[in-house]
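Participant: Shown below is the structure under consideration.
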Amino acid sequence: MQKDKLLIIDDEERLRNLLARILQLEGYDVLVASNGKEALKKLQHEPIPVVISDVKLPDINGIELTSQIKASWPATEIIVLTAFGTINDGVKAIKGGAFDYITKGDDNEKIIPLVSKAMDKALLQQKVLELEKKLNSKFGFERLIGRSAAIGDVIKLAQKVALTDTTVLLLGETGTGKEIFAEAIHQASPRNAKSFVAVNCSAFTKELLESELFGHKAGAFTGAIKDKKGLFEEANGGTIFLDEIGELDHDLQAKLLRVLESQSFIKIGDTKPTQVNVRILAATNRNLQAEVGKEGFRSDLYYRLSVFQITLPALRDRKKDIKLLAEYFMHYFGAKVKKQIAGLSDKLIEKLEAYNWPGNIRELKNIIERAVILADENILDETLLPYEMQGPQTAQAGNSLSAFDLASVEKIHIQRVLNHTRGNRAEAARLLNIGIATLYRKLKDYGLE
């Protein structure tokens, strides 16, 4: 059984061939080169996990070559061959990134276990790099779908700030993908080897959220039977994402401000501060500046959080991306429910692009999931859409519904009832407790015919 490739670099043909023969008998696929230039060409042509190089080469010093190889192929391990009395060269090579060195003239059997160890390390590093690449594609900017200028500009901003430790405030409507962006920023940052911890500030009471974020000492309150680490400690060295930051209680706002200023906090029931090293990313769909004016949010905290603001575009502002997103969700949910869905009908895409998307990407995701579940054919068409999206006039960008306008509320309610009755207008009128003629009039008024 053949093992992995390795490259021998030596200008002495006899020694080069002898070493190659020994390692070939061990099952390795051996390549050879007589100088540094030839070796670099072979490395550029294909991945080679292990290199064995002489220090004295015709065109380059082996120590310098070691540095060049490690700079371009960090997962490749290099064993340096030194002449007797030049062990110092081997030590220098190790400092430059070599795996180890061996003196020429030593028992050739020493090279076999040394190559085996170097190969194991190189292959392990290669696996780590592949896993990191997969992780980046799963959680990094590669996972963000879209070709529109609106999303492209936002991604460029996020990629730039990702490389820093700056606090970022993500703004935008509900469902625009703020957590996915936060995770991508973390994954592209120098902190990506550490934890990314996300918490929704609106999902807990004030007391429970304080305990979740900062932890507590045993006996701090009824039921606190042991010490508990908070999410800030869990994220130490990494990133914490605070979603719905606008819902944070005033007392907790003060505590968060302390973390931003000093990277420390006091646990519930403790007297000593706990030190952490955490990057904070936050998000909200509220206008925090307006909240500051109404004293609903601390101004000092707002200015600390909003050092770098990124506003995520609503889906209605990125019409070019709707088809791409819909296709992605189609494949995702098709695989999940084990259905072979081949594509989307033109009419379906037309309906999707005409809709106003008040729920943004989250709403699109839910609609495509529903369509995949209901589909009997391998093409998703407009008949699988919710009833309110099948009418001749879907909500256009300039006619978005208001949560406060009475007519809008009535229109939404009628749409929901019709959806419930699968378009049966007589049944809808009965459930609405109005006459069928009244229902027809309202359908005409609201463009739901």
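Residue names in the structure tokens use chain letters A, B, ... in the order shown, residue numbers from 1 in each chain, and ligand numbers from 1 in the order shown.
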Need to verify the contact set: segment 72-77 of chain A, 6 Å, only C-alpha atoms, exclusion of same-chain residues closer than 3 positions in sequence. Can you return it as a list in words?

Facilitator: Pro49, Val50, Ile69, Phe99, Ala118, Ala122, Gln125 and Gln126 of chain A

Participant: Residues at most 6 Å from segment 335-352 of chain A, counting only C-alpha atoms, excluding those fewer than 5 positions away in the same chain, as a count of residues only?

Facilitator: 5

Participant: Given the choices A:Glu46, A:Glu247, A:Glu327, A:Glu212, which gets closest to Lys229 of chain A if the distance is worked out from only C-alpha atoms?

Facilitator: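 Under the stated criterion, the closest residue is A:Glu212.
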
Participant: Would you please work out which residue, of A:Leu256, A:Ala150, A:Val276, A:Leu81, is nearest to Leu301 of chain A when using only C-alpha atoms?

Facilitator: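 Smallest separation from Leu301 of chain A among the options: A:Leu256.
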
Participant: So which residues touch Lys442 of chain A within 12 Å, counting only C-alpha atoms, skipping near sequence neighbours fewer than 5 positions away, as number ranges by chain?

Facilitator: A: 407-408, 410-415, 425, 429, 432, 434-437, 447-449

Participant: For Lys160 of chain A, which residue among A:Arg286, A:Arg298, A:Arg316, A:His186 is the nearest when counting only C-alpha atoms?

Facilitator: A:His186

Participant: Considering only strand (DSSP E) as DSSP defines it on the backbone, what residues of segment 105-294 of chain A qualify? List them as a ChimeraX atom specification.

Facilitator: /A:168-171,196-200,239-243,264-266,273-275,279-284

Participant: Return as a ChimeraX atom specification the full set of residues in segment 295-343 of chain A whose backbone-based DSSP assignment is alpha helix (DSSP H).

Facilitator: /A:299-305,322-336

Participant: Find, counting only C-alpha atoms, the residue in A:Asn360, A:Gln253, A:Thr239, A:Asn61 that gets nearest to Asn192 of chain A.

Facilitator: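 The shortest atom-to-atom distance to Asn192 of chain A comes from A:Thr239.
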
Participant: Atom CA of Val197 of chain A and atom CA of Ser211 of chain A are how many Å apart?

Facilitator: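 Here the two named atoms are 15.1 Å from each other.
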
Participant: Go through A:Thr421, A:Asn88, A:Gln263, A:Asn356 one by one, measure the shortest atom-to-atom distance of each to Arg318 of chain A using only C-alpha atoms, and give the residue with the smallest value.

Facilitator: A:Asn356

Participant: Measuring atom to atom with only C-alpha atoms, identify which of A:Leu171, A:Ile78, A:Ile240, A:Ala188 is nearest to Ala158 of chain A.

Facilitator: A:Ala188

Participant: Considering only C-alpha atoms, return as a count of residues only whatever protein or nucleic-acid residues lie within 6 Å of segment 55-59 of chain A, sequence-local ones (same chain, fewer than 3 positions apart) excluded.

Facilitator: 3

Participant: Can you tell me, as JSON, numbers by chain, what residues are no more than 12 Å from Asp251 of chain A when counting only C-alpha atoms, ignoring any on the same chain fewer than 3 positions away?

Facilitator: {"A": [206, 207, 209, 210, 247, 248, 254, 255, 256, 257, 258, 296, 297, 298, 301]}

Participant: What lies within 12 Å of Leu324 of chain A using only C-alpha atoms, ignoring chain neighbours under 6 positions off, as a ChimeraX atom specification?

Facilitator: /A:144-148,315,318,330-331,343-344,349,352-353,361,364-365

Participant: Just write the chosen residues, all heavy atoms, as a tab-separated table (two decimals), in the first residue's frame.

Facilitator:
```tsv
chain	number	residue	atom	x	y	z
A	144	LEU	N	-22.86	33.70	3.23
A	144	LEU	CA	-23.79	34.79	2.96
A	144	LEU	C	-24.13	34.80	1.47
A	144	LEU	O	-23.25	34.95	0.63
A	144	LEU	CB	-23.19	36.12	3.39
A	144	LEU	CG	-22.83	36.21	4.89
A	144	LEU	CD1	-22.10	37.51	5.18
A	144	LEU	CD2	-24.06	36.08	5.75
A	145	ILE	N	-25.40	34.64	1.17
A	145	ILE	CA	-25.84	34.49	-0.22
A	145	ILE	C	-26.32	35.83	-0.76
A	145	ILE	O	-27.12	36.51	-0.12
A	145	ILE	CB	-26.98	33.45	-0.30
A	145	ILE	CG1	-26.46	32.09	0.20
A	145	ILE	CG2	-27.51	33.32	-1.72
A	145	ILE	CD1	-27.56	31.11	0.50
A	146	GLY	N	-25.83	36.18	-1.94
A	146	GLY	CA	-26.32	37.42	-2.56
A	146	GLY	C	-25.30	38.04	-3.49
A	146	GLY	O	-24.10	37.98	-3.23
A	147	ARG	N	-25.81	38.62	-4.58
A	147	ARG	CA	-24.94	39.30	-5.55
A	147	ARG	C	-25.34	40.77	-5.71
A	147	ARG	O	-24.75	41.48	-6.52
A	147	ARG	CB	-25.04	38.59	-6.90
A	147	ARG	CG	-24.51	37.17	-6.89
A	147	ARG	CD	-24.72	36.49	-8.22
A	147	ARG	NE	-24.44	35.07	-8.16
A	147	ARG	CZ	-24.88	34.18	-9.02
A	147	ARG	NH1	-25.66	34.57	-10.03
A	147	ARG	NH2	-24.58	32.90	-8.91
A	148	SER	N	-26.35	41.20	-5.00
A	148	SER	CA	-26.81	42.58	-5.15
A	148	SER	C	-25.77	43.54	-4.56
A	148	SER	O	-24.99	43.18	-3.68
A	148	SER	CB	-28.15	42.78	-4.44
A	148	SER	OG	-28.00	42.59	-3.05
A	315	LEU	N	-34.85	42.63	2.65
A	315	LEU	CA	-34.92	41.77	1.47
A	315	LEU	C	-35.54	42.49	0.28
A	315	LEU	O	-35.15	42.26	-0.87
A	315	LEU	CB	-35.69	40.48	1.79
A	315	LEU	CG	-35.70	39.40	0.71
A	315	LEU	CD1	-34.28	39.02	0.29
A	315	LEU	CD2	-36.46	38.18	1.19
A	318	ARG	N	-33.07	44.09	-1.96
A	318	ARG	CA	-32.11	43.23	-2.66
A	318	ARG	C	-32.85	42.19	-3.51
A	318	ARG	O	-32.70	40.99	-3.34
A	318	ARG	CB	-31.14	42.56	-1.69
A	318	ARG	CG	-31.63	42.33	-0.30
A	318	ARG	CD	-30.61	41.75	0.66
A	318	ARG	NE	-29.85	40.65	0.16
A	318	ARG	CZ	-29.37	39.67	0.95
A	318	ARG	NH1	-29.58	39.69	2.25
A	318	ARG	NH2	-28.68	38.69	0.43
A	330	MET	N	-34.56	25.95	-1.07
A	330	MET	CA	-35.18	24.82	-1.77
A	330	MET	C	-34.31	23.57	-1.65
A	330	MET	O	-34.79	22.49	-1.30
A	330	MET	CB	-35.39	25.18	-3.24
A	330	MET	CG	-35.92	24.06	-4.11
A	330	MET	SD	-35.71	24.44	-5.87
A	330	MET	CE	-33.95	24.16	-6.08
A	331	HIS	N	-33.01	23.72	-1.94
A	331	HIS	CA	-32.09	22.58	-1.84
A	331	HIS	C	-31.92	22.12	-0.39
A	331	HIS	O	-31.89	20.92	-0.12
A	331	HIS	CB	-30.73	22.95	-2.44
A	331	HIS	CG	-30.75	23.13	-3.92
A	331	HIS	ND1	-31.14	22.13	-4.79
A	331	HIS	CD2	-30.43	24.19	-4.70
A	331	HIS	CE1	-31.06	22.56	-6.04
A	331	HIS	NE2	-30.63	23.81	-6.01
A	343	GLY	N	-36.24	22.60	-9.16
A	343	GLY	CA	-36.17	24.04	-9.39
A	343	GLY	C	-37.44	24.77	-9.03
A	343	GLY	O	-38.36	24.21	-8.44
A	344	LEU	N	-37.45	26.06	-9.37
A	344	LEU	CA	-38.57	26.96	-9.08
A	344	LEU	C	-39.19	27.40	-10.40
A	344	LEU	O	-38.48	27.69	-11.37
A	344	LEU	CB	-38.09	28.19	-8.32
A	344	LEU	CG	-37.22	27.96	-7.08
A	344	LEU	CD1	-36.63	29.28	-6.60
A	344	LEU	CD2	-38.03	27.32	-5.96
A	349	ILE	N	-41.10	32.58	-9.00
A	349	ILE	CA	-40.06	33.60	-8.82
A	349	ILE	C	-40.65	35.00	-9.00
A	349	ILE	O	-40.33	35.93	-8.25
A	349	ILE	CB	-38.90	33.36	-9.81
A	349	ILE	CG1	-38.20	32.04	-9.46
A	349	ILE	CG2	-37.90	34.51	-9.77
A	349	ILE	CD1	-37.27	31.53	-10.53
A	352	LEU	N	-42.48	35.88	-5.87
A	352	LEU	CA	-41.54	36.14	-4.77
A	352	LEU	C	-40.91	37.52	-4.92
A	352	LEU	O	-40.76	38.26	-3.93
A	352	LEU	CB	-40.44	35.08	-4.74
A	352	LEU	CG	-40.86	33.64	-4.40
A	352	LEU	CD1	-39.65	32.71	-4.44
A	352	LEU	CD2	-41.55	33.54	-3.03
A	353	GLU	N	-40.55	37.88	-6.14
A	353	GLU	CA	-39.89	39.17	-6.37
A	353	GLU	C	-40.85	40.35	-6.27
A	353	GLU	O	-40.43	41.49	-6.05
A	353	GLU	CB	-39.18	39.16	-7.73
A	353	GLU	CG	-37.98	38.22	-7.75
A	353	GLU	CD	-37.29	38.17	-9.10
A	353	GLU	OE1	-37.89	38.65	-10.09
A	353	GLU	OE2	-36.16	37.65	-9.16
A	361	ILE	N	-35.63	37.73	5.20
A	361	ILE	CA	-35.11	36.41	4.82
A	361	ILE	C	-35.77	35.31	5.63
A	361	ILE	O	-36.03	34.22	5.12
A	361	ILE	CB	-33.57	36.37	4.99
A	361	ILE	CG1	-32.92	37.39	4.07
A	361	ILE	CG2	-33.04	34.97	4.68
A	361	ILE	CD1	-31.44	37.57	4.30
A	364	LEU	N	-38.99	34.42	3.95
A	364	LEU	CA	-38.73	33.67	2.72
A	364	LEU	C	-38.36	32.22	3.05
A	364	LEU	O	-38.84	31.28	2.40
A	364	LEU	CB	-37.61	34.34	1.93
A	364	LEU	CG	-37.12	33.61	0.67
A	364	LEU	CD1	-38.25	33.48	-0.35
A	364	LEU	CD2	-35.94	34.33	0.05
A	365	LYS	N	-37.52	32.05	4.03
A	365	LYS	CA	-37.11	30.71	4.45
A	365	LYS	C	-38.31	29.87	4.86
A	365	LYS	O	-38.46	28.70	4.43
A	365	LYS	CB	-36.13	30.82	5.63
A	365	LYS	CG	-35.65	29.50	6.19
A	365	LYS	CD	-34.74	29.74	7.39
A	365	LYS	CE	-34.34	28.44	8.04
A	365	LYS	NZ	-33.50	28.67	9.24
```

Participant: Quick one: residues within 9 Å of segment 242-244 of chain A, only C-alpha atoms counted, chain neighbours fewer than 4 positions away excluded, as a PyMOL selection string?

Facilitator: chain A and resi 170+178-179+197-202+248+280-286
